[in-house]
Amino acid sequence: MSESKSAGVLSLLKREVILAGLRKGEREDGRSLTEYREIEVKTGYVGKAEGSALVSLGDTKVIAGVKVDVGTPFPDTPNMGVQIVNAEFIPVASPVFEPGPPGEDAIELARVIDRGLRSAEAVDLESLVLVPGSKVWTIFVDIYPLDHYGNLIDASGLAAMSALLDTKLPVATVEEGEVRVSEEKKPLPIKTRVVYVTIAKIEDFLVVDPTFEEELAADARITYAVNEDLNICGIQKGGSGAFRVKELLDARDIALEVAPKLFEKLPGKPGA
Amino acid sequence: MKNSNIQLIDESGKRVDGRYPNEMRRLRIEAGVLKNADGSAYIELGNNKIIVAVYGPHESTPKYLAEPDRAVIRCRYSMAPFSVSDRKSPSPSRREVELSMVIRQALEPAVFLNEYPRTMIDVFIEVLEADGGTRTASITAAAVALADAGIAMRDLVSAIAIGKVGGRLVVDLNGLEDQYGEGDMPIAMMPQLNYVTLFQADGVFTPQEIEDAFRMVADPIKKIYREQKRALKKKYVDVVREVEKSE
């Protein structure tokens, strides 16, 4: 069940201040409308994880960890490994997050990240088969926002992608159907990298990488997932407002323009 | 998703069910199909069968959800266990949780929420049989059910998916095309105001294909809108006919 609700309260006055700035082409933190906040990516943050990354996007902080396990493939894809993306909006990160199982916002975020990675075939799932039809690697990507100052999707995308690029997979051998996992590790095969660009619509303005307050002021948001060929590998409109077609196409152009800057912040592909 | 062994478009440009790329499946909508609900609609799009009930505006339950300046829409998209090949557990999946939310957000822009402060409007969607495109068909039917409930609306919401099969853009993916095709891009629009209220995609699309998809979707959206209006009018034509008969 999904109920209309706002993720917080923004005073009408504050909204007016944000809008007054946008009309002059200014944002409160001095950025242009198509500019990201400062991005920092730290990989290998958690020693126990096979791959991990701590990403800060301005004041927004997200950590992603990758764990791997030998599991069974889905019946309809016997020759592919399994990729599972999960997000937990832990109450540490924001007063608007409640403890408990993932709500619709956390589920949406995890599914948007998952679809982008899956559509682009970022992780080479076909290389993760140990015994076709019965034993494959399962790659768990767990996303934990630590401090929510807006635009969790893009920050989570950077964290998930960086953690995957940081992942070392144990070398496994199969003898008579038995899987032996050795101490030796090699990088997880990655075919392409993916970034996510989210643009908020505040009245007639399109604003890249919205802060938490800009998100509250926004009518709706649009996220484009972009692969290294600069094709679109995922789209998600969010929020209770509506877009004109032209706005969605303008947002697409903005996403393609800023995506290369995000790729620069990501670690390189293994072997590249 | 991907499987190159299955040919989804043949040499003559026809799809697995004989349709052309820009052809929708057969669409039928009926308004006012449930007695208990304040508004309701039934939709068949190809093999999809979906029923939608709207209750409200009513007092907010639970009370803490009430908003002082507007109505709260509560939306539930649910698939019956027998609606798909392998039985689906009746408990809500992550997919259903996400779809309940995006469907709600696709409908909200069309409703004059501020007309009904402190109230709640329930939109309950049950997919009885699924064959690709249930989220868009659900939105189309839910908009009719909301109108049937007499709720003030800016516009209807009409929805359909553009997909990519065999490297081509096509309208209205069926289940097979959805499973084995290269991409799915559901779109919902307010057809008179020309606003997009739902826009999602998975699969890989070139930047140009996004533009082409919007061009391609315009005609089917018009067709769906016509059918929605026909369904809403028909209910009252039937009432008038009954009254005339009894006189």
# chains A, B, ... in the order shown; residues from 1 in each chain; ligands from 1
>>> closest_atom_pairs(of="chain A", to="chain B", cutoff="6 Å", atoms="only C-alpha atoms", output="JSON lines")
{"residue": "A:Met1", "atom": "CA", "partner": "B:Arg76", "partner_atom": "CA", "distance": 4.6}
{"residue": "A:Ser2", "atom": "CA", "partner": "B:Cys75", "partner_atom": "CA", "distance": 5.1}
{"residue": "A:Glu3", "atom": "CA", "partner": "B:Arg74", "partner_atom": "CA", "distance": 4.3}
{"residue": "A:Ser4", "atom": "CA", "partner": "B:Val72", "partner_atom": "CA", "distance": 5.4}
{"residue": "A:Glu104", "atom": "CA", "partner": "B:Val97", "partner_atom": "CA", "distance": 6.0}
{"residue": "A:Glu108", "atom": "CA", "partner": "B:Glu98", "partner_atom": "CA", "distance": 5.6}
{"residue": "A:Ser119", "atom": "CA", "partner": "B:Gly203", "partner_atom": "CA", "distance": 4.5}
{"residue": "A:Asn231", "atom": "CA", "partner": "B:Thr206", "partner_atom": "CA", "distance": 4.9}
{"residue": "A:Ile232", "atom": "CA", "partner": "B:Phe205", "partner_atom": "CA", "distance": 5.1}
{"residue": "A:Cys233", "atom": "CA", "partner": "B:Val204", "partner_atom": "CA", "distance": 4.4}
{"residue": "A:Gly234", "atom": "CA", "partner": "B:Asp202", "partner_atom": "CA", "distance": 4.7}
{"residue": "A:Ile235", "atom": "CA", "partner": "B:Ala201", "partner_atom": "CA", "distance": 4.6}
{"residue": "A:Gln236", "atom": "CA", "partner": "B:Gln200", "partner_atom": "CA", "distance": 4.5}
{"residue": "A:Lys237", "atom": "CA", "partner": "B:Phe199", "partner_atom": "CA", "distance": 5.3}
{"residue": "A:Ser240", "atom": "CA", "partner": "B:Gln105", "partner_atom": "CA", "distance": 4.5}
{"residue": "A:Gly241", "atom": "CA", "partner": "B:Pro109", "partner_atom": "CA", "distance": 5.5}
{"residue": "A:Ala242", "atom": "CA", "partner": "B:Thr197", "partner_atom": "CA", "distance": 4.7}
{"residue": "A:Phe243", "atom": "CA", "partner": "B:Val196", "partner_atom": "CA", "distance": 5.0}
{"residue": "A:Arg244", "atom": "CA", "partner": "B:Tyr195", "partner_atom": "CA", "distance": 4.9}
>>> write_last_selection(atoms="N, CA, C and O atoms", output="compact mmCIF listing (two decimals), in the first residue's frame")
# COMPACT_ATOMS: atom_id res chain seq x y z
N MET A 1 0.85 -1.20 0.00
CA MET A 1 0.00 0.00 0.00
C MET A 1 0.88 1.24 0.00
O MET A 1 1.82 1.33 0.75
N SER A 2 0.54 2.17 -0.84
CA SER A 2 1.36 3.37 -0.96
C SER A 2 0.50 4.60 -0.71
O SER A 2 -0.54 4.77 -1.33
N GLU A 3 0.91 5.43 0.24
CA GLU A 3 0.13 6.64 0.56
C GLU A 3 0.91 7.89 0.19
O GLU A 3 2.13 7.93 0.34
N SER A 4 0.17 8.91 -0.29
CA SER A 4 0.86 10.17 -0.58
C SER A 4 1.34 10.79 0.73
O SER A 4 0.60 10.86 1.69
N GLU A 104 8.79 1.90 0.86
CA GLU A 104 8.72 1.98 -0.60
C GLU A 104 9.85 2.83 -1.20
O GLU A 104 10.31 2.54 -2.29
N GLU A 108 12.28 1.38 -3.91
CA GLU A 108 12.38 2.02 -5.21
C GLU A 108 13.84 2.29 -5.55
O GLU A 108 14.32 1.97 -6.64
N SER A 119 20.40 -3.58 -16.85
CA SER A 119 20.16 -3.21 -18.25
C SER A 119 21.47 -2.99 -19.00
O SER A 119 21.62 -3.38 -20.15
N ASN A 231 24.60 5.80 -23.70
CA ASN A 231 23.21 5.44 -23.96
C ASN A 231 22.46 5.40 -22.63
O ASN A 231 23.07 5.32 -21.57
N ILE A 232 21.14 5.44 -22.73
CA ILE A 232 20.31 5.45 -21.53
C ILE A 232 20.01 4.00 -21.13
O ILE A 232 19.49 3.23 -21.93
N CYS A 233 20.36 3.62 -19.91
CA CYS A 233 20.13 2.22 -19.49
C CYS A 233 19.23 2.17 -18.27
O CYS A 233 19.30 1.24 -17.47
N GLY A 234 18.35 3.13 -18.14
CA GLY A 234 17.38 3.11 -17.06
C GLY A 234 16.78 4.49 -16.89
O GLY A 234 17.47 5.50 -17.07
N ILE A 235 15.47 4.52 -16.62
CA ILE A 235 14.77 5.79 -16.41
C ILE A 235 13.81 5.60 -15.25
O ILE A 235 13.19 4.55 -15.12
N GLN A 236 13.71 6.58 -14.40
CA GLN A 236 12.69 6.56 -13.35
C GLN A 236 12.24 7.97 -13.06
O GLN A 236 13.03 8.82 -12.66
N LYS A 237 10.93 8.21 -13.28
CA LYS A 237 10.35 9.47 -12.84
C LYS A 237 9.86 9.24 -11.41
O LYS A 237 9.35 8.17 -11.08
N SER A 240 5.20 13.32 -7.06
CA SER A 240 3.77 13.39 -7.38
C SER A 240 3.44 14.46 -8.41
O SER A 240 2.28 14.78 -8.61
N GLY A 241 4.43 15.03 -9.06
CA GLY A 241 4.18 16.03 -10.08
C GLY A 241 4.26 15.42 -11.47
O GLY A 241 4.34 14.21 -11.63
N ALA A 242 4.22 16.30 -12.49
CA ALA A 242 4.23 15.83 -13.88
C ALA A 242 5.25 16.64 -14.68
O ALA A 242 5.62 17.75 -14.30
N PHE A 243 5.70 16.05 -15.77
CA PHE A 243 6.68 16.69 -16.66
C PHE A 243 6.07 16.94 -18.02
O PHE A 243 5.23 16.16 -18.48
N ARG A 244 6.52 18.01 -18.69
CA ARG A 244 6.26 18.14 -20.12
C ARG A 244 7.27 17.27 -20.84
O ARG A 244 8.39 17.05 -20.34
>>> residues_around(residues="region 146-152 of chain A", least_positions_apart="4", cutoff="12 Å", atoms="only C-alpha atoms", output="number ranges by chain")
A: 7-8, 36-37, 54-64, 87-97, 105-106, 108-110, 112-113, 156-160, 196-200, 207-218, 221-223, 238
>>> atom_distance(atom1="CA of Glu26 (chain A)", atom2="CA of Ile202 (chain A)")
13.0 Å
>>> residues_around(residues="Leu156 (chain B)", least_positions_apart="4", cutoff="9 Å", atoms="only C-alpha atoms", output="PDB file with N, CA and C atoms, in the first residue's frame")
ATOM      1  N   LEU B 107      -1.122   9.035 -10.896  1.00  0.00           N
ATOM      2  CA  LEU B 107      -2.511   9.486 -10.810  1.00  0.00           C
ATOM      3  C   LEU B 107      -2.635  10.837 -10.094  1.00  0.00           C
ATOM      4  N   ALA B 110      -3.325  14.301 -11.635  1.00  0.00           N
ATOM      5  CA  ALA B 110      -4.595  14.496 -12.335  1.00  0.00           C
ATOM      6  C   ALA B 110      -5.749  14.811 -11.383  1.00  0.00           C
ATOM      7  N   VAL B 111      -5.562  14.588 -10.093  1.00  0.00           N
ATOM      8  CA  VAL B 111      -6.667  14.740  -9.144  1.00  0.00           C
ATOM      9  C   VAL B 111      -6.562  16.097  -8.440  1.00  0.00           C
ATOM     10  N   THR B 140      -4.491   3.320 -16.588  1.00  0.00           N
ATOM     11  CA  THR B 140      -5.602   3.660 -17.477  1.00  0.00           C
ATOM     12  C   THR B 140      -6.943   3.364 -16.808  1.00  0.00           C
ATOM     13  N   ALA B 143      -7.674   5.633 -13.606  1.00  0.00           N
ATOM     14  CA  ALA B 143      -8.141   6.982 -13.937  1.00  0.00           C
ATOM     15  C   ALA B 143      -9.649   6.963 -14.210  1.00  0.00           C
ATOM     16  N   VAL B 144     -10.116   5.917 -14.907  1.00  0.00           N
ATOM     17  CA  VAL B 144     -11.549   5.780 -15.190  1.00  0.00           C
ATOM     18  C   VAL B 144     -12.315   5.556 -13.881  1.00  0.00           C
ATOM     19  N   LEU B 146     -11.474   6.552 -10.882  1.00  0.00           N
ATOM     20  CA  LEU B 146     -11.504   7.807 -10.132  1.00  0.00           C
ATOM     21  C   LEU B 146     -12.589   8.729 -10.684  1.00  0.00           C
ATOM     22  N   ALA B 147     -12.656   8.826 -12.005  1.00  0.00           N
ATOM     23  CA  ALA B 147     -13.685   9.664 -12.640  1.00  0.00           C
ATOM     24  C   ALA B 147     -15.073   9.109 -12.339  1.00  0.00           C
ATOM     25  N   MET B 189       0.340   9.563 -19.501  1.00  0.00           N
ATOM     26  CA  MET B 189       0.186  10.978 -19.804  1.00  0.00           C
ATOM     27  C   MET B 189      -1.202  11.478 -19.443  1.00  0.00           C
ATOM     28  N   MET B 190      -1.296  12.757 -19.123  1.00  0.00           N
ATOM     29  CA  MET B 190      -2.588  13.418 -19.073  1.00  0.00           C
ATOM     30  C   MET B 190      -2.815  13.916 -20.498  1.00  0.00           C
ATOM     31  N   PRO B 191      -3.723  13.275 -21.249  1.00  0.00           N
ATOM     32  CA  PRO B 191      -3.750  13.481 -22.695  1.00  0.00           C
ATOM     33  C   PRO B 191      -4.190  14.876 -23.130  1.00  0.00           C
ATOM     34  N   GLN B 192      -5.057  15.529 -22.366  1.00  0.00           N
ATOM     35  CA  GLN B 192      -5.519  16.859 -22.778  1.00  0.00           C
ATOM     36  C   GLN B 192      -4.500  17.924 -22.410  1.00  0.00           C
ATOM     37  N   TYR B 225      -7.389   7.245 -24.562  1.00  0.00           N
ATOM     38  CA  TYR B 225      -8.221   8.316 -23.999  1.00  0.00           C
ATOM     39  C   TYR B 225      -9.650   8.238 -24.536  1.00  0.00           C
ATOM     40  N   GLN B 228     -11.389   5.413 -22.863  1.00  0.00           N
ATOM     41  CA  GLN B 228     -11.724   5.757 -21.471  1.00  0.00           C
ATOM     42  C   GLN B 228     -12.995   6.608 -21.428  1.00  0.00           C
ATOM     43  N   LYS B 229     -13.065   7.602 -22.322  1.00  0.00           N
ATOM     44  CA  LYS B 229     -14.241   8.480 -22.351  1.00  0.00           C
ATOM     45  C   LYS B 229     -15.486   7.698 -22.755  1.00  0.00           C
TER      46      LYS B 229
END
>>> select_by_dssp(residues="region 55-148 of chain B", states="helix (DSSP H, G or I)", output="count of residues only")
41
>>> residues_around(residues="region 84-88 of chain B", least_positions_apart="6", cutoff="9 Å", atoms="only C-alpha atoms", output="ChimeraX atom specification")
/B:128-131
>>> write_last_selection(atoms="N, CA, C and O atoms", output="PDB file, in the first residue's frame")
ATOM      1  N   LEU B 128      -5.980  -9.601 -12.408  1.00  0.00           N
ATOM      2  CA  LEU B 128      -6.552 -10.951 -12.417  1.00  0.00           C
ATOM      3  C   LEU B 128      -5.805 -11.858 -13.386  1.00  0.00           C
ATOM      4  O   LEU B 128      -5.676 -13.052 -13.157  1.00  0.00           O
ATOM      5  N   GLU B 129      -5.360 -11.263 -14.486  1.00  0.00           N
ATOM      6  CA  GLU B 129      -4.517 -12.007 -15.416  1.00  0.00           C
ATOM      7  C   GLU B 129      -3.504 -11.038 -16.004  1.00  0.00           C
ATOM      8  O   GLU B 129      -3.854  -9.928 -16.390  1.00  0.00           O
ATOM      9  N   ALA B 130      -2.241 -11.476 -16.049  1.00  0.00           N
ATOM     10  CA  ALA B 130      -1.168 -10.575 -16.463  1.00  0.00           C
ATOM     11  C   ALA B 130      -0.492 -11.103 -17.714  1.00  0.00           C
ATOM     12  O   ALA B 130      -0.213 -12.291 -17.830  1.00  0.00           O
ATOM     13  N   ASP B 131      -0.253 -10.186 -18.673  1.00  0.00           N
ATOM     14  CA  ASP B 131       0.474 -10.571 -19.885  1.00  0.00           C
ATOM     15  C   ASP B 131       1.260  -9.381 -20.430  1.00  0.00           C
ATOM     16  O   ASP B 131       1.143  -9.018 -21.595  1.00  0.00           O
TER      17      ASP B 131
END
>>> residues_around(residues="region 259-261 of chain A", least_positions_apart="2", cutoff="12 Å", atoms="only C-alpha atoms", output="PyMOL selection string")
chain A and resi 34-39+154+158+193-198+208-209+223-232+251-257+263-266
>>> write_last_selection(atoms="N, CA and C atoms", output="compact mmCIF listing (two decimals), in the first residue's frame")
# COMPACT_ATOMS: atom_id res chain seq x y z
N THR A 34 23.25 22.93 -13.44
CA THR A 34 23.67 21.62 -13.96
C THR A 34 24.95 21.12 -13.29
N GLU A 35 25.23 21.64 -12.12
CA GLU A 35 26.49 21.30 -11.45
C GLU A 35 26.26 20.35 -10.28
N TYR A 36 27.15 19.36 -10.15
CA TYR A 36 27.10 18.46 -9.00
C TYR A 36 27.80 19.09 -7.81
N ARG A 37 27.45 18.63 -6.62
CA ARG A 37 28.24 18.98 -5.45
C ARG A 37 29.57 18.22 -5.52
N GLU A 38 30.48 18.53 -4.62
CA GLU A 38 31.78 17.86 -4.55
C GLU A 38 31.58 16.36 -4.37
N ILE A 39 32.26 15.58 -5.20
CA ILE A 39 32.12 14.12 -5.11
C ILE A 39 33.43 13.51 -4.63
N ASP A 154 21.69 9.19 -6.96
CA ASP A 154 22.98 9.33 -7.65
C ASP A 154 24.13 8.92 -6.75
N LEU A 158 26.74 5.83 -7.43
CA LEU A 158 28.20 5.93 -7.39
C LEU A 158 28.78 4.93 -6.40
N ARG A 193 30.62 0.53 -16.99
CA ARG A 193 30.26 1.24 -15.77
C ARG A 193 28.97 2.02 -16.03
N VAL A 194 28.25 2.32 -14.96
CA VAL A 194 26.97 3.01 -15.06
C VAL A 194 26.95 4.15 -14.07
N VAL A 195 26.43 5.31 -14.48
CA VAL A 195 26.17 6.39 -13.53
C VAL A 195 24.70 6.80 -13.61
N TYR A 196 24.24 7.41 -12.55
CA TYR A 196 22.84 7.83 -12.46
C TYR A 196 22.80 9.35 -12.31
N VAL A 197 21.99 9.99 -13.13
CA VAL A 197 21.86 11.45 -13.04
C VAL A 197 20.41 11.80 -12.71
N THR A 198 20.22 12.42 -11.57
CA THR A 198 18.87 12.80 -11.14
C THR A 198 18.70 14.30 -11.25
N VAL A 208 20.06 19.85 -11.42
CA VAL A 208 20.82 18.61 -11.26
C VAL A 208 21.24 18.44 -9.80
N ASP A 209 21.30 17.17 -9.36
CA ASP A 209 21.82 16.84 -8.02
C ASP A 209 21.15 17.69 -6.94
N THR A 223 15.29 10.49 -13.17
CA THR A 223 16.63 9.90 -13.10
C THR A 223 16.92 9.18 -14.41
N TYR A 224 18.05 9.47 -15.01
CA TYR A 224 18.53 8.71 -16.16
C TYR A 224 19.78 7.94 -15.75
N ALA A 225 19.78 6.63 -15.99
CA ALA A 225 21.01 5.85 -15.83
C ALA A 225 21.71 5.87 -17.18
N VAL A 226 23.02 6.09 -17.15
CA VAL A 226 23.78 6.27 -18.38
C VAL A 226 24.97 5.30 -18.37
N ASN A 227 25.17 4.57 -19.49
CA ASN A 227 26.33 3.67 -19.57
C ASN A 227 27.50 4.37 -20.26
N GLU A 228 28.62 3.64 -20.41
CA GLU A 228 29.84 4.28 -20.93
C GLU A 228 29.73 4.67 -22.40
N ASP A 229 28.78 4.05 -23.14
CA ASP A 229 28.56 4.45 -24.53
C ASP A 229 27.67 5.70 -24.61
N LEU A 230 27.33 6.25 -23.47
CA LEU A 230 26.40 7.37 -23.37
C LEU A 230 25.04 7.04 -23.97
N ASN A 231 24.60 5.80 -23.70
CA ASN A 231 23.21 5.44 -23.96
C ASN A 231 22.46 5.40 -22.63
N ILE A 232 21.14 5.44 -22.73
CA ILE A 232 20.31 5.45 -21.53
C ILE A 232 20.01 4.00 -21.13
N ALA A 251 16.08 17.21 -19.83
CA ALA A 251 16.75 16.52 -18.72
C ALA A 251 17.66 15.42 -19.25
N ARG A 252 17.21 14.74 -20.31
CA ARG A 252 18.05 13.72 -20.95
C ARG A 252 19.35 14.34 -21.45
N ASP A 253 19.24 15.51 -22.10
CA ASP A 253 20.45 16.18 -22.62
C ASP A 253 21.39 16.57 -21.49
N ILE A 254 20.80 17.06 -20.40
CA ILE A 254 21.63 17.45 -19.25
C ILE A 254 22.34 16.21 -18.70
N ALA A 255 21.58 15.10 -18.60
CA ALA A 255 22.16 13.86 -18.05
C ALA A 255 23.36 13.41 -18.89
N LEU A 256 23.20 13.47 -20.22
CA LEU A 256 24.28 13.02 -21.10
C LEU A 256 25.49 13.96 -21.01
N GLU A 257 25.20 15.23 -20.72
CA GLU A 257 26.28 16.22 -20.62
C GLU A 257 27.09 16.04 -19.34
N PHE A 263 31.65 9.72 -14.46
CA PHE A 263 32.53 8.58 -14.77
C PHE A 263 33.96 8.86 -14.30
N GLU A 264 34.38 10.13 -14.42
CA GLU A 264 35.73 10.50 -13.97
C GLU A 264 35.95 10.20 -12.50
N LYS A 265 34.89 10.27 -11.71
CA LYS A 265 35.02 10.08 -10.26
C LYS A 265 35.05 8.60 -9.89
N LEU A 266 34.60 7.73 -10.81
CA LEU A 266 34.54 6.29 -10.51
C LEU A 266 35.92 5.66 -10.70
>>> atom_distance(atom1="CA of Ser162 (chain A)", atom2="CA of Lys135 (chain A)")
26.1 Å
>>> residues_around(residues="region 163-173 of chain A", least_positions_apart="4", cutoff="7 Å", atoms="only C-alpha atoms", output="list in words")
Thr43, Gly44, Glu50, Gly51, Ser52, Ala53, Ala64, Gly65, Val66, Ala159, Val179, Arg180, Val181, Ser182, Glu183, Glu184, Lys185, Lys186, Pro187, Leu188, Pro267, Lys269 and Pro270 of chain A
>>> atom_distance(atom1="CA of Ala231 (chain B)", atom2="CA of Ala145 (chain B)")
10.3 Å
>>> residues_around(residues="region 22-24 of chain B", least_positions_apart="5", cutoff="8 Å", atoms="only C-alpha atoms", output="PyMOL selection string")
chain B and resi 170-172+216+220
>>> closest_atom_pairs(of="region 96-208 of chain A", to="region 67-77 of chain A", cutoff="7 Å", atoms="only C-alpha atoms", output="CSV")
residue,atom,partner,partner_atom,distance
A:Gly133,CA,A:Pro73,CA,6.3
A:Ser134,CA,A:Thr72,CA,5.2
A:Lys135,CA,A:Thr72,CA,5.0
A:Val136,CA,A:Gly71,CA,5.5
A:Trp137,CA,A:Val70,CA,4.7
A:Thr138,CA,A:Asp69,CA,5.2
A:Ile139,CA,A:Val68,CA,4.8
A:Phe140,CA,A:Lys67,CA,5.2
A:Val141,CA,A:Lys67,CA,6.8
>>> select_by_dssp(residues="region 81-113 of chain A", states="strand (DSSP E)", output="VMD selection string")
chain A and resid 82 to 87
>>> write_last_selection(atoms="N, CA and C atoms", output="mmCIF file, in the first residue's frame")
data_model
loop_
_atom_site.group_PDB
_atom_site.id
_atom_site.type_symbol
_atom_site.label_atom_id
_atom_site.label_comp_id
_atom_site.auth_asym_id
_atom_site.auth_seq_id
_atom_site.Cartn_x
_atom_site.Cartn_y
_atom_site.Cartn_z
ATOM 1 N N VAL A 82 23.778 -14.357 -10.036
ATOM 2 C CA VAL A 82 22.646 -13.617 -9.483
ATOM 3 C C VAL A 82 23.154 -12.298 -8.911
ATOM 4 N N GLN A 83 22.422 -11.231 -9.225
ATOM 5 C CA GLN A 83 22.760 -9.910 -8.679
ATOM 6 C C GLN A 83 21.588 -9.434 -7.832
ATOM 7 N N ILE A 84 21.865 -9.108 -6.583
ATOM 8 C CA ILE A 84 20.797 -8.638 -5.700
ATOM 9 C C ILE A 84 21.202 -7.288 -5.116
ATOM 10 N N VAL A 85 20.351 -6.285 -5.327
ATOM 11 C CA VAL A 85 20.634 -4.956 -4.785
ATOM 12 C C VAL A 85 19.592 -4.643 -3.723
ATOM 13 N N ASN A 86 20.058 -4.225 -2.574
ATOM 14 C CA ASN A 86 19.145 -3.898 -1.480
ATOM 15 C C ASN A 86 19.581 -2.560 -0.874
ATOM 16 N N ALA A 87 18.594 -1.812 -0.381
ATOM 17 C CA ALA A 87 18.932 -0.556 0.294
ATOM 18 C C ALA A 87 18.191 -0.498 1.620
#
